[in-house]
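A.B. asks: The structure file final-v8.cif (mmCIF, C-alpha atoms) is provided below.
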```
data_data
loop_
_atom_site.label_atom_id
_atom_site.label_comp_id
_atom_site.auth_asym_id
_atom_site.auth_seq_id
_atom_site.Cartn_x
_atom_site.Cartn_y
_atom_site.Cartn_z
CA MET A 7 -126.52 -30.16 -209.00
CA ILE A 8 -124.41 -30.26 -205.84
CA THR A 9 -123.47 -33.91 -206.42
CA ALA A 10 -122.43 -33.28 -210.01
CA THR A 11 -120.34 -30.26 -209.07
CA ALA A 12 -118.71 -32.06 -206.15
CA LEU A 13 -117.86 -35.07 -208.32
CA ALA A 14 -116.47 -32.87 -211.05
CA ALA A 15 -114.34 -31.09 -208.45
CA LEU A 16 -113.16 -34.44 -207.12
CA ALA A 17 -112.25 -35.64 -210.63
CA THR A 18 -110.28 -32.46 -211.26
CA ALA A 19 -108.57 -32.79 -207.89
CA CYS A 20 -107.60 -36.40 -208.69
CA ALA A 21 -106.22 -35.44 -212.10
CA LEU A 22 -104.25 -32.54 -210.63
CA GLY A 23 -103.12 -34.73 -207.74
CA ALA A 24 -101.92 -37.44 -210.13
CA TRP A 25 -100.06 -34.87 -212.17
CA ARG A 26 -98.30 -33.52 -209.06
CA PHE A 27 -97.76 -37.01 -207.73
CA THR A 28 -95.78 -38.17 -210.79
CA SER A 29 -92.93 -35.97 -209.61
CA ALA A 30 -93.21 -36.58 -205.87
CA CYS A 31 -89.93 -37.54 -204.25
CA TRP A 32 -91.06 -39.36 -201.12
CA THR A 33 -92.46 -42.33 -203.07
CA TYR A 34 -89.15 -44.24 -203.20
CA ARG A 35 -89.04 -44.18 -199.41
CA ALA A 36 -92.42 -45.85 -199.03
CA PRO A 37 -93.27 -47.66 -202.27
CA ARG A 38 -96.19 -49.59 -200.81
CA VAL A 39 -97.93 -46.47 -199.51
CA ALA A 40 -97.36 -44.80 -202.87
CA ILE A 41 -98.88 -47.78 -204.69
CA VAL A 42 -101.99 -47.60 -202.49
CA LEU A 43 -102.31 -43.87 -203.13
CA TRP A 44 -101.96 -44.41 -206.90
CA GLN A 45 -104.69 -47.03 -206.86
CA ALA A 46 -106.97 -44.78 -204.83
CA LEU A 47 -106.33 -41.84 -207.16
CA GLY A 48 -107.09 -43.94 -210.22
CA LEU A 49 -110.27 -45.48 -208.88
CA ALA A 50 -111.58 -42.23 -207.40
CA TRP A 51 -110.86 -40.44 -210.67
CA GLY A 52 -112.81 -43.03 -212.66
CA LEU A 53 -115.76 -42.95 -210.27
CA ALA A 54 -115.80 -39.15 -210.10
CA THR A 55 -115.49 -38.52 -213.84
CA THR A 56 -118.26 -40.89 -214.86
CA GLY A 57 -120.26 -39.94 -211.77
CA SER A 58 -120.24 -36.21 -212.46
CA MET A 59 -121.73 -36.73 -215.93
CA LEU A 60 -124.32 -39.19 -214.68
CA ALA A 61 -125.21 -37.06 -211.63
CA TYR A 62 -125.97 -34.17 -213.95
CA ALA A 63 -127.94 -36.48 -216.22
CA VAL A 64 -130.28 -37.88 -213.56
CA GLN A 65 -130.90 -34.46 -212.04
CA PRO A 66 -134.51 -34.44 -213.35
CA TYR A 67 -135.29 -37.27 -210.90
CA ASP A 68 -134.01 -35.26 -207.94
CA ARG A 69 -133.10 -38.32 -205.89
CA GLY A 70 -129.31 -38.59 -206.08
CA LEU A 71 -127.01 -40.38 -208.46
CA LEU A 72 -127.40 -44.07 -207.77
CA HIS A 73 -131.13 -43.97 -207.05
CA GLY A 74 -131.61 -41.73 -210.05
CA LEU A 75 -129.88 -44.28 -212.26
CA ILE A 76 -132.02 -47.06 -210.84
CA ALA A 77 -135.09 -44.97 -211.61
CA VAL A 78 -133.88 -44.53 -215.21
CA ALA A 79 -133.32 -48.26 -215.49
CA GLN A 80 -136.84 -48.92 -214.21
CA GLY A 81 -138.21 -46.47 -216.75
CA ARG A 82 -139.93 -44.18 -214.23
CA GLU A 83 -141.11 -40.70 -215.12
CA PRO A 84 -138.75 -37.91 -213.97
CA VAL A 85 -140.04 -35.09 -211.77
CA SER A 86 -139.10 -32.49 -214.37
CA PRO A 87 -139.10 -33.50 -218.07
CA TRP A 88 -135.94 -34.62 -219.93
CA ASP A 89 -134.13 -32.11 -222.09
CA GLY A 90 -131.17 -32.20 -224.49
CA PRO A 91 -128.21 -31.54 -222.18
CA HIS A 92 -129.38 -34.07 -219.58
CA LEU A 93 -129.97 -36.78 -222.18
CA PHE A 94 -126.57 -36.08 -223.71
CA ALA A 95 -124.90 -36.32 -220.29
CA LEU A 96 -126.67 -39.63 -219.67
CA VAL A 97 -125.41 -41.14 -222.92
CA ALA A 98 -121.90 -39.76 -222.44
CA GLY A 99 -121.68 -40.89 -218.82
CA LEU A 100 -122.93 -44.40 -219.51
CA THR A 101 -120.59 -44.72 -222.50
CA ALA A 102 -117.59 -43.61 -220.46
CA LEU A 103 -118.48 -46.04 -217.68
CA ALA A 104 -118.99 -48.89 -220.14
CA VAL A 105 -115.70 -48.17 -221.92
CA LEU A 106 -113.75 -48.13 -218.65
CA VAL A 107 -115.27 -51.41 -217.48
CA ALA A 108 -115.05 -53.12 -220.87
CA VAL A 109 -111.43 -52.17 -221.49
CA THR A 110 -110.39 -53.37 -218.07
CA LEU A 111 -112.14 -56.69 -218.64
CA THR A 112 -110.63 -57.08 -222.13
CA ALA A 113 -107.19 -56.29 -220.79
CA ALA A 114 -107.66 -58.89 -218.07
CA ALA A 115 -108.86 -61.50 -220.58
CA GLN A 116 -105.96 -60.84 -222.95
CA THR A 117 -103.47 -61.05 -220.12
CA LEU A 118 -104.92 -64.35 -218.95
CA ARG A 119 -104.78 -65.74 -222.49
CA ALA A 120 -101.16 -64.67 -222.97
CA ARG A 121 -100.24 -66.26 -219.66
CA ARG A 122 -102.01 -69.51 -220.44
CA ARG A 123 -100.08 -69.88 -223.70
CA HIS A 124 -96.85 -68.94 -221.99
CA ARG A 125 -97.46 -71.52 -219.30
CA THR A 126 -98.27 -74.29 -221.78
CA LEU A 127 -95.11 -73.55 -223.72
CA LEU A 128 -93.10 -73.56 -220.51
CA ALA A 129 -94.51 -76.96 -219.63
CA LEU A 130 -93.33 -78.26 -223.00
CA ILE A 131 -89.95 -76.56 -223.18
CA ALA A 132 -88.57 -75.50 -219.81
CA ARG A 133 -86.67 -77.91 -217.63
CA ASP A 134 -86.18 -78.26 -213.90
CA ASP A 135 -82.75 -77.77 -212.49
CA PRO A 136 -81.61 -79.41 -209.23
CA PHE A 137 -79.56 -76.31 -208.54
CA VAL A 138 -82.65 -74.07 -208.36
CA PRO A 139 -85.53 -76.20 -207.08
CA GLY A 140 -89.03 -75.01 -207.93
CA VAL A 141 -87.82 -72.73 -210.68
CA ARG A 142 -88.24 -73.43 -214.39
CA VAL A 143 -85.14 -73.04 -216.51
CA LEU A 144 -85.27 -71.89 -220.11
CA ASP A 145 -82.34 -72.88 -222.34
CA HIS A 146 -81.45 -69.57 -223.90
CA PRO A 147 -78.19 -67.63 -223.74
CA GLY A 148 -79.97 -64.30 -223.10
CA ALA A 149 -80.49 -63.05 -219.56
CA ALA A 150 -84.05 -63.17 -218.29
CA ALA A 151 -85.70 -63.75 -214.93
CA TYR A 152 -89.42 -63.32 -214.55
CA CYS A 153 -92.53 -64.79 -213.11
CA VAL A 154 -95.74 -65.87 -214.77
CA PRO A 155 -98.32 -64.79 -212.22
CA GLY A 156 -101.51 -66.65 -211.56
CA LEU A 157 -103.01 -69.00 -209.03
CA ARG A 158 -100.02 -71.25 -209.51
CA SER A 159 -97.30 -68.74 -210.26
CA GLN A 160 -94.14 -69.90 -211.89
CA VAL A 161 -90.72 -68.36 -211.61
CA VAL A 162 -88.63 -68.72 -214.75
CA ILE A 163 -84.96 -68.04 -215.28
CA SER A 164 -82.93 -68.40 -218.44
CA ALA A 165 -79.75 -70.43 -218.67
CA GLY A 166 -78.00 -67.22 -219.69
CA ALA A 167 -79.05 -65.54 -216.45
CA MET A 168 -77.77 -68.47 -214.38
CA GLU A 169 -74.46 -68.16 -216.19
CA LEU A 170 -74.33 -64.41 -215.61
CA LEU A 171 -75.05 -64.31 -211.89
CA SER A 172 -73.14 -65.59 -208.91
CA ASP A 173 -74.89 -67.96 -206.48
CA ASP A 174 -75.72 -65.19 -204.02
CA GLU A 175 -77.03 -62.96 -206.77
CA LEU A 176 -79.17 -65.78 -208.09
CA THR A 177 -80.69 -66.24 -204.63
CA ALA A 178 -81.38 -62.51 -204.49
CA VAL A 179 -83.09 -62.51 -207.89
CA LEU A 180 -85.24 -65.48 -206.96
CA ALA A 181 -86.21 -63.81 -203.68
CA HIS A 182 -87.27 -60.76 -205.69
CA GLU A 183 -89.43 -62.87 -208.00
CA ALA A 184 -90.91 -64.73 -205.04
CA ALA A 185 -91.97 -61.34 -203.67
CA HIS A 186 -93.82 -60.56 -206.91
CA VAL A 187 -95.58 -63.90 -206.68
CA ARG A 188 -96.50 -63.42 -203.06
CA GLU A 189 -97.87 -59.91 -203.29
CA ARG A 190 -99.66 -60.47 -206.63
CA HIS A 191 -98.10 -57.38 -208.18
CA ASP A 192 -99.59 -58.28 -211.53
CA LEU A 193 -103.02 -57.37 -210.15
CA VAL A 194 -101.69 -53.96 -209.12
CA LEU A 195 -100.38 -53.29 -212.62
CA LEU A 196 -103.42 -54.53 -214.52
CA PRO A 197 -105.77 -51.51 -214.08
CA PHE A 198 -103.02 -49.04 -214.97
CA GLY A 199 -102.29 -50.95 -218.16
CA ALA A 200 -106.01 -50.86 -218.94
CA LEU A 201 -106.27 -47.12 -218.27
CA ARG A 202 -103.32 -46.63 -220.57
CA ARG A 203 -105.32 -48.30 -223.31
CA VAL A 204 -108.32 -46.03 -222.73
CA LEU A 205 -106.22 -42.86 -222.76
CA PRO A 206 -103.11 -43.72 -224.77
CA TRP A 207 -102.26 -40.10 -225.50
CA SER A 208 -102.36 -38.90 -221.90
CA LYS A 209 -98.95 -38.09 -220.49
CA VAL A 210 -100.17 -38.29 -216.91
CA VAL A 211 -101.48 -41.83 -217.42
CA ARG A 212 -98.26 -42.88 -219.11
CA ASP A 213 -96.16 -41.43 -216.30
CA ALA A 214 -98.44 -42.99 -213.71
CA GLN A 215 -98.06 -46.42 -215.27
CA ALA A 216 -94.28 -46.09 -215.42
CA GLN A 217 -94.22 -44.89 -211.80
CA VAL A 218 -96.32 -47.79 -210.57
CA GLU A 219 -94.17 -50.29 -212.47
CA LEU A 220 -91.08 -48.89 -210.80
CA LEU A 221 -92.73 -48.76 -207.37
CA VAL A 222 -93.81 -52.39 -207.67
CA GLU A 223 -90.22 -53.39 -208.42
CA MET A 224 -89.06 -51.40 -205.40
CA ALA A 225 -91.63 -53.06 -203.18
CA ALA A 226 -90.37 -56.45 -204.36
CA ASP A 227 -86.77 -55.34 -203.73
CA ASP A 228 -87.76 -54.36 -200.20
CA ARG A 229 -89.21 -57.75 -199.49
CA ALA A 230 -86.31 -59.57 -201.13
CA ARG A 231 -83.71 -57.74 -199.06
CA ARG A 232 -85.08 -59.38 -195.93
CA TYR A 233 -83.92 -62.73 -197.26
CA CYS A 234 -80.72 -61.83 -199.06
CA SER A 235 -77.93 -59.33 -199.17
CA PRO A 236 -79.17 -56.04 -200.67
CA ARG A 237 -75.76 -55.48 -202.21
CA ARG A 238 -76.00 -58.78 -204.12
CA LEU A 239 -79.43 -57.77 -205.37
CA ALA A 240 -77.96 -54.47 -206.52
CA THR A 241 -75.08 -56.08 -208.40
CA ALA A 242 -77.52 -58.58 -209.94
CA LEU A 243 -79.62 -55.65 -211.17
CA LEU A 244 -76.61 -53.95 -212.70
CA ARG A 245 -75.43 -57.15 -214.34
CA PHE A 246 -78.85 -57.61 -215.92
CA GLY A 247 -78.88 -54.03 -217.08
CA THR A 248 -75.55 -54.31 -218.83
CA ALA A 249 -75.98 -57.87 -220.05
CA GLY A 250 -78.21 -57.18 -223.00
CA ALA A 251 -76.24 -54.91 -225.27
CA MET A 252 -78.88 -55.80 -227.81
CA PRO A 253 -80.32 -53.10 -230.02
CA THR A 254 -83.63 -51.88 -228.65
CA PRO A 255 -86.32 -52.67 -231.18
CA HIS A 256 -88.41 -49.65 -231.99
CA GLY A 257 -91.93 -49.40 -230.64
CA MET A 258 -91.04 -50.82 -227.26
CA LEU A 259 -89.29 -47.91 -225.62
CA GLY A 260 -90.44 -48.56 -222.12
CA SER A 261 -89.64 -47.43 -218.67
CA VAL A 262 -86.36 -49.29 -218.77
CA THR A 263 -83.80 -46.57 -218.43
CA ALA A 264 -80.51 -46.42 -216.65
CA ALA A 265 -82.04 -43.82 -214.31
CA ASN A 266 -84.66 -46.31 -213.13
CA VAL A 267 -82.13 -49.06 -212.57
CA MET A 268 -79.84 -46.66 -210.72
CA ALA A 269 -82.72 -45.49 -208.53
CA ARG A 270 -83.30 -49.08 -207.45
CA VAL A 271 -79.60 -49.75 -206.97
CA ASN A 272 -79.10 -46.62 -204.86
CA ARG A 273 -82.03 -47.55 -202.65
CA LEU A 274 -80.51 -50.97 -202.04
CA VAL A 275 -76.98 -49.81 -201.37
CA LYS A 276 -77.71 -46.62 -199.44
CA PRO A 277 -81.27 -46.83 -198.16
CA ASP A 278 -82.94 -43.52 -197.30
CA PRO A 279 -84.68 -43.38 -193.94
CA GLU A 280 -88.20 -44.72 -194.17
CA LEU A 281 -90.97 -42.19 -194.44
CA GLN A 282 -92.06 -41.00 -190.99
CA PRO A 283 -95.15 -42.79 -189.66
CA HIS A 284 -97.33 -39.66 -189.54
CA PHE A 285 -96.68 -39.05 -193.24
CA ARG A 286 -97.34 -42.70 -194.04
CA TYR A 287 -100.65 -42.74 -192.18
CA GLY A 288 -101.49 -39.35 -193.62
CA TYR A 289 -101.15 -40.64 -197.18
CA LEU A 290 -103.06 -43.81 -196.38
CA GLY A 291 -105.80 -41.67 -194.82
CA LEU A 292 -105.87 -39.52 -197.93
CA SER A 293 -106.32 -42.62 -200.09
CA ALA A 294 -109.19 -43.82 -197.94
CA ALA A 295 -110.79 -40.36 -197.95
CA LEU A 296 -110.63 -40.20 -201.76
CA LEU A 297 -112.36 -43.54 -202.16
CA VAL A 298 -114.96 -42.94 -199.48
CA SER A 299 -115.88 -39.51 -200.81
CA ALA A 300 -116.18 -40.76 -204.40
CA ALA A 301 -118.29 -43.72 -203.33
CA SER A 302 -120.53 -41.73 -200.98
CA LEU A 303 -121.20 -39.08 -203.61
CA TRP A 304 -122.47 -41.89 -205.81
CA VAL A 305 -124.76 -43.32 -203.15
CA ILE A 306 -125.98 -40.47 -200.95
CA PRO A 307 -128.44 -37.98 -202.52
CA LEU A 308 -127.48 -34.37 -201.90
CA MET B 217 -92.95 -83.28 -227.45
CA ASP B 218 -89.21 -83.85 -226.97
CA ILE B 219 -89.48 -87.11 -228.83
CA LEU B 220 -91.17 -85.48 -231.78
CA TRP B 221 -88.58 -82.70 -231.80
CA ALA B 222 -85.79 -85.27 -231.82
CA GLN B 223 -87.18 -87.00 -234.90
CA SER B 224 -86.85 -85.56 -238.33
CA SER B 225 -89.95 -87.22 -239.74
CA PRO B 226 -93.56 -87.21 -238.51
CA LEU B 227 -94.47 -90.11 -236.20
CA THR B 228 -97.64 -92.03 -235.54
CA ALA B 229 -99.05 -92.34 -232.04
CA ARG B 230 -97.92 -95.97 -231.90
CA GLU B 231 -94.32 -95.02 -232.73
CA VAL B 232 -94.34 -92.29 -230.11
CA GLY B 233 -95.62 -94.77 -227.53
CA ARG B 234 -92.82 -97.17 -228.39
CA LEU B 235 -90.23 -94.42 -227.98
CA ILE B 236 -91.49 -93.53 -224.50
CA ALA B 237 -90.31 -96.97 -223.47
CA GLU B 238 -89.35 -96.16 -219.90
CA ARG B 239 -92.94 -95.34 -219.01
CA ASP B 240 -95.52 -97.93 -219.77
CA LEU B 241 -98.27 -95.77 -221.25
CA ALA B 242 -101.47 -96.99 -222.75
CA PRO B 243 -101.69 -96.22 -226.49
CA THR B 244 -104.89 -94.29 -225.85
CA THR B 245 -103.12 -92.02 -223.37
CA VAL B 246 -100.47 -91.17 -225.92
CA MET B 247 -103.16 -90.54 -228.48
CA THR B 248 -105.11 -88.25 -226.15
CA VAL B 249 -102.02 -86.19 -225.37
CA LEU B 250 -101.08 -85.89 -229.04
CA ASP B 251 -104.62 -84.95 -229.93
CA ARG B 252 -104.76 -82.28 -227.24
CA LEU B 253 -101.45 -80.76 -228.35
CA THR B 254 -102.72 -80.71 -231.90
CA ARG B 255 -105.86 -78.88 -230.91
CA LYS B 256 -103.78 -76.25 -229.10
CA GLY B 257 -101.76 -75.76 -232.27
CA PHE B 258 -98.44 -77.12 -231.08
CA LEU B 259 -98.53 -80.16 -233.37
CA LYS B 260 -99.55 -80.65 -236.98
CA ARG B 261 -100.94 -83.92 -238.17
CA ILE B 262 -101.17 -85.57 -241.55
CA ARG B 263 -103.26 -88.53 -242.67
CA ASP B 264 -101.22 -91.61 -243.42
CA GLY B 265 -103.49 -94.49 -244.41
CA ARG B 266 -105.60 -95.22 -241.34
CA ALA B 267 -103.35 -93.45 -238.81
CA TRP B 268 -102.36 -89.87 -238.13
CA ARG B 269 -98.74 -88.82 -238.28
CA TYR B 270 -97.75 -85.98 -235.94
CA GLU B 271 -95.00 -83.41 -236.20
CA PRO B 272 -94.22 -80.23 -234.24
CA ALA B 273 -95.74 -77.06 -235.67
CA GLU B 274 -92.63 -75.07 -234.81
CA SER B 275 -89.12 -75.97 -233.84
CA ARG B 276 -88.15 -76.03 -230.19
CA ASP B 277 -85.84 -73.09 -230.69
CA SER B 278 -88.54 -70.91 -232.15
CA TYR B 279 -90.76 -71.56 -229.11
CA ILE B 280 -87.87 -70.69 -226.80
CA ALA B 281 -87.34 -67.53 -228.80
CA GLU B 282 -91.02 -66.67 -228.45
CA LEU B 283 -90.87 -67.04 -224.67
CA MET B 284 -87.70 -64.98 -224.44
CA LEU B 285 -89.15 -62.20 -226.57
CA GLU B 286 -92.10 -62.02 -224.22
CA ALA B 287 -89.80 -62.18 -221.22
CA LEU B 288 -87.67 -59.33 -222.50
CA GLU B 289 -90.77 -57.33 -223.38
CA MET B 290 -89.90 -57.08 -227.04
CA THR B 291 -93.29 -58.01 -228.41
CA GLY B 292 -94.35 -54.39 -228.36
CA ASP B 293 -97.33 -54.56 -226.04
CA ARG B 294 -96.59 -53.69 -222.48
CA SER B 295 -99.06 -55.96 -220.82
CA ALA B 296 -99.00 -57.05 -217.24
CA ALA B 297 -98.78 -60.68 -218.28
CA LEU B 298 -95.37 -61.19 -216.71
CA THR B 299 -93.45 -59.47 -213.98
CA ARG B 300 -89.78 -59.26 -214.72
CA PHE B 301 -86.73 -58.83 -212.57
CA ALA B 302 -84.87 -56.31 -214.65
CA GLN B 303 -84.17 -55.59 -218.23
CA ALA B 304 -81.26 -54.53 -220.28
CA VAL B 305 -81.08 -50.81 -220.92
CA PRO B 306 -80.22 -49.28 -224.30
CA ALA B 307 -76.53 -49.54 -225.13
CA SER B 308 -76.06 -45.78 -224.84
CA GLU B 309 -77.04 -45.87 -221.17
CA ALA B 310 -75.39 -49.15 -220.22
CA GLU B 311 -72.11 -47.36 -219.56
CA ILE B 312 -73.50 -45.66 -216.43
CA LEU B 313 -74.51 -49.03 -215.04
CA ARG B 314 -71.21 -50.64 -215.90
CA LYS B 315 -69.41 -47.92 -213.97
CA ALA B 316 -71.68 -48.37 -210.95
CA LEU B 317 -71.12 -52.12 -211.06
CA THR B 318 -67.32 -51.78 -211.00
CA GLU B 319 -67.60 -49.34 -208.10
CA LEU B 320 -69.77 -51.71 -206.10
CA GLU B 321 -67.50 -54.64 -206.78
CA ASP B 322 -64.37 -52.72 -205.81
CA GLU B 323 -65.67 -51.74 -202.40
#
```
Once more with this new file: its structure as structure tokens, please.
C.D. replies:
Amino acid sequence: MITATALAALATACALGAWRFTSACWTYRAPRVAIVLWQALGLAWGLATTGSMLAYAVQPYDRGLLHGLIAVAQGREPVSPWDGPHLFALVAGLTALAVLVAVTLTAAAQTLRARRRHRTLLALIARDDPFVPGVRVLDHPGAAAYCVPGLRSQVVISAGAMELLSDDELTAVLAHEAAHVRERHDLVLLPFGALRRVLPWSKVVRDAQAQVELLVEMAADDRARRYCSPRRLATALLRFGTAGAMPTPHGMLGSVTAANVMARVNRLVKPDPELQPHFRYGYLGLSAALLVSAASLWVIPL
Amino acid sequence: MDILWAQSSPLTAREVGRLIAERDLAPTTVMTVLDRLTRKGFLKRIRDGRAWRYEPAESRDSYIAELMLEALEMTGDRSAALTRFAQAVPASEAEILRKALTELEDE
């Protein structure tokens, strides 16, 4: 009973923490730390939520969560007989776990498929340009710069974007994309996209996903500014933001708002002091503690 | 693919091979490539006597449009398939950015 209660408390703490965290103001000053904390919160929440149901379910075995589950799988007789609530918790817990895992895997598979098609089409259509070596150029007047992540990531830029940006700005944009490629930001975003699919109505999950998307961009900006002028990156951002002037199709209202773009621009032009080291390590420690406690509650019988 | 897009009528593998004159490709190579593109759905083929004639399934422009729609995240699903630099904001909010841009450029 202690394990189940502790896990339920942990799940509640994670949910409350995530809710508070969506409006935290230090995150822009240390995007990488914030990303780690988001990942830890998400994973610990998943482990704790499914774990609390399962821990309650295998209580009749009286040997802890993981060993209890193994005993169920081996079909052993419980110490005290099964009853309704415990059976129900078992089914619910296993279903929740299966849904979380399955949706993440489906999301990953769909993403891979979309990328493969995108890459094949690029191979057929895009051209190389001597002006931007190693980057694929797409002949389209619209402004777009993006990367197709994967083992062999490709950075793509549209002819319209090359037209729009000055040379320095183009370098800045490419440095930003190179940062995405290098740090595999797509892998960071994947689980949050999957969680969004499991709980599409949850405001916290939606906010969390938007936050992480923004933080990932900021992390890439931070890396890019080492190789280029931050001011050029900022003007490139603003030029992209104003370039479109195309009507937003309905159903895709995303995190792209002027406020987000301005937050990134302000960081680049007038950087805030970095978060003090003791706060940084504190948050990293908190992330580790969340994961360790969720995992140990699964493994250690209480 | 470019060769097929440039032609208005479907071509046979032999004709395609003749058009790629600068590279001396074996007819079988050309055939393999055409066959693979067909299986992936980028080409359509029609029987013409004993040979197949190939033509693009979609125009070049429509493929470019497809890529751009994905790039600009207009396909509706917000997947993590691509990571983008930045996107255009709705017209109502673009004014704020335009102002900031002029300020930055004036400094």
A.B. asks: What does the distance from atom CA of Ile163 of chain A to atom CA of Pro236 of chain A come to in Å, to one decimal?
C.D. replies: 19.8 Å
A.B. asks: What lies within 9 Å of Gln217 of chain A using all atoms listed in the file, ignoring chain neighbours under 5 positions off, as number ranges by chain?
C.D. replies: A: 28, 41, 212, 222, 261
A.B. asks: Determine, counting all atoms listed in the file, which protein, DNA and RNA residues have an atom within 9 Å of an atom of Val97 of chain A; residues of the same chain fewer than 4 positions away are not included. Present the result as a list in words.
C.D. replies: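 Within the cut-off, the hits are Leu60, Ala63, His92, Leu93, Thr101 and Ala102 of chain A.
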A.B. asks: So that I can see what lies close to Leu72 of chain A, please list as a PyMOL selection string the residues with an atom at most 8 Å from it, counting all atoms listed in the file and leaving out residues fewer than 6 positions away in the same chain.
C.D. replies: chain A and resi 304-306
A.B. asks: Mind listing whatever residues come within 10 Å of the point (-69.2, -52.9, -215.0)? Use only C-alpha atoms, file coordinates, and give them as a PyMOL selection string.
C.D. replies: (chain A and resi 241+244-245+247-249) or (chain B and resi 310-321)
A.B. asks: Could you turn the residues from that selection into a file that holds C-alpha atoms, as a PDB file, keeping the file's coordinate frame?
C.D. replies:
```pdb
ATOM      1  CA  THR A 241     -75.080 -56.080-208.400  1.00  0.00           C
ATOM      2  CA  LEU A 244     -76.610 -53.950-212.700  1.00  0.00           C
ATOM      3  CA  ARG A 245     -75.430 -57.150-214.340  1.00  0.00           C
ATOM      4  CA  GLY A 247     -78.880 -54.030-217.080  1.00  0.00           C
ATOM      5  CA  THR A 248     -75.550 -54.310-218.830  1.00  0.00           C
ATOM      6  CA  ALA A 249     -75.980 -57.870-220.050  1.00  0.00           C
TER       7      ALA A 249
ATOM      8  CA  ALA B 310     -75.390 -49.150-220.220  1.00  0.00           C
ATOM      9  CA  GLU B 311     -72.110 -47.360-219.560  1.00  0.00           C
ATOM     10  CA  ILE B 312     -73.500 -45.660-216.430  1.00  0.00           C
ATOM     11  CA  LEU B 313     -74.510 -49.030-215.040  1.00  0.00           C
ATOM     12  CA  ARG B 314     -71.210 -50.640-215.900  1.00  0.00           C
ATOM     13  CA  LYS B 315     -69.410 -47.920-213.970  1.00  0.00           C
ATOM     14  CA  ALA B 316     -71.680 -48.370-210.950  1.00  0.00           C
ATOM     15  CA  LEU B 317     -71.120 -52.120-211.060  1.00  0.00           C
ATOM     16  CA  THR B 318     -67.320 -51.780-211.000  1.00  0.00           C
ATOM     17  CA  GLU B 319     -67.600 -49.340-208.100  1.00  0.00           C
ATOM     18  CA  LEU B 320     -69.770 -51.710-206.100  1.00  0.00           C
ATOM     19  CA  GLU B 321     -67.500 -54.640-206.780  1.00  0.00           C
TER      20      GLU B 321
END
```
A.B. asks: Could you list the residues chosen by the PyMOL selection byres ((chain A and resi 57) around 12) in this structure as a PyMOL selection string?
C.D. replies: chain A and resi 7+9-17+49-56+58-65+70-72+74-75+95-96+98-103+299-305
A.B. asks: Would you mind exporting C-alpha atoms of the selected residues as a compact mmCIF listing (two decimals), in the frame of the given file?
C.D. replies:
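Writing the result to part_14.txt gives the following:
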```txt
# COMPACT_ATOMS: atom_id res chain seq x y z
CA MET A 7 -126.52 -30.16 -209.00
CA THR A 9 -123.47 -33.91 -206.42
CA ALA A 10 -122.43 -33.28 -210.01
CA THR A 11 -120.34 -30.26 -209.07
CA ALA A 12 -118.71 -32.06 -206.15
CA LEU A 13 -117.86 -35.07 -208.32
CA ALA A 14 -116.47 -32.87 -211.05
CA ALA A 15 -114.34 -31.09 -208.45
CA LEU A 16 -113.16 -34.44 -207.12
CA ALA A 17 -112.25 -35.64 -210.63
CA LEU A 49 -110.27 -45.48 -208.88
CA ALA A 50 -111.58 -42.23 -207.40
CA TRP A 51 -110.86 -40.44 -210.67
CA GLY A 52 -112.81 -43.03 -212.66
CA LEU A 53 -115.76 -42.95 -210.27
CA ALA A 54 -115.80 -39.15 -210.10
CA THR A 55 -115.49 -38.52 -213.84
CA THR A 56 -118.26 -40.89 -214.86
CA SER A 58 -120.24 -36.21 -212.46
CA MET A 59 -121.73 -36.73 -215.93
CA LEU A 60 -124.32 -39.19 -214.68
CA ALA A 61 -125.21 -37.06 -211.63
CA TYR A 62 -125.97 -34.17 -213.95
CA ALA A 63 -127.94 -36.48 -216.22
CA VAL A 64 -130.28 -37.88 -213.56
CA GLN A 65 -130.90 -34.46 -212.04
CA GLY A 70 -129.31 -38.59 -206.08
CA LEU A 71 -127.01 -40.38 -208.46
CA LEU A 72 -127.40 -44.07 -207.77
CA GLY A 74 -131.61 -41.73 -210.05
CA LEU A 75 -129.88 -44.28 -212.26
CA ALA A 95 -124.90 -36.32 -220.29
CA LEU A 96 -126.67 -39.63 -219.67
CA ALA A 98 -121.90 -39.76 -222.44
CA GLY A 99 -121.68 -40.89 -218.82
CA LEU A 100 -122.93 -44.40 -219.51
CA THR A 101 -120.59 -44.72 -222.50
CA ALA A 102 -117.59 -43.61 -220.46
CA LEU A 103 -118.48 -46.04 -217.68
CA SER A 299 -115.88 -39.51 -200.81
CA ALA A 300 -116.18 -40.76 -204.40
CA ALA A 301 -118.29 -43.72 -203.33
CA SER A 302 -120.53 -41.73 -200.98
CA LEU A 303 -121.20 -39.08 -203.61
CA TRP A 304 -122.47 -41.89 -205.81
CA VAL A 305 -124.76 -43.32 -203.15
```
A.B. asks: Find, counting all atoms listed in the file, the residue in A:Leu196, A:Ala167, A:Val162, A:Leu43 that gets nearest to Thr117 of chain A.
C.D. replies: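 With all atoms listed in the file as the atom set, the closest residue is A:Leu196.
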A.B. asks: Nearest residue to Ala294 of chain A out of A:Tyr152, A:Phe246, A:Trp44, A:Trp25, using all atoms listed in the file?
C.D. replies: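 Closest to Ala294 of chain A of all the choices is A:Trp44.
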A.B. asks: So which residues get picked by the PyMOL selection byres ((chain A and resi 166) around 7) here, written as a VMD selection string?
C.D. replies: chain A and resid 146 to 149 164 to 165 167 to 170
A.B. asks: Mind dumping the selected residues with C-alpha atoms as a short mmCIF file (atom, residue, chain, number, x, y, z; two decimals), keeping the file's coordinate frame?
C.D. replies:
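Result file part.cif:
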```
data_model
loop_
_atom_site.label_atom_id
_atom_site.label_comp_id
_atom_site.auth_asym_id
_atom_site.auth_seq_id
_atom_site.Cartn_x
_atom_site.Cartn_y
_atom_site.Cartn_z
CA HIS A 146 -81.45 -69.57 -223.90
CA PRO A 147 -78.19 -67.63 -223.74
CA GLY A 148 -79.97 -64.30 -223.10
CA ALA A 149 -80.49 -63.05 -219.56
CA SER A 164 -82.93 -68.40 -218.44
CA ALA A 165 -79.75 -70.43 -218.67
CA ALA A 167 -79.05 -65.54 -216.45
CA MET A 168 -77.77 -68.47 -214.38
CA GLU A 169 -74.46 -68.16 -216.19
CA LEU A 170 -74.33 -64.41 -215.61
#
```
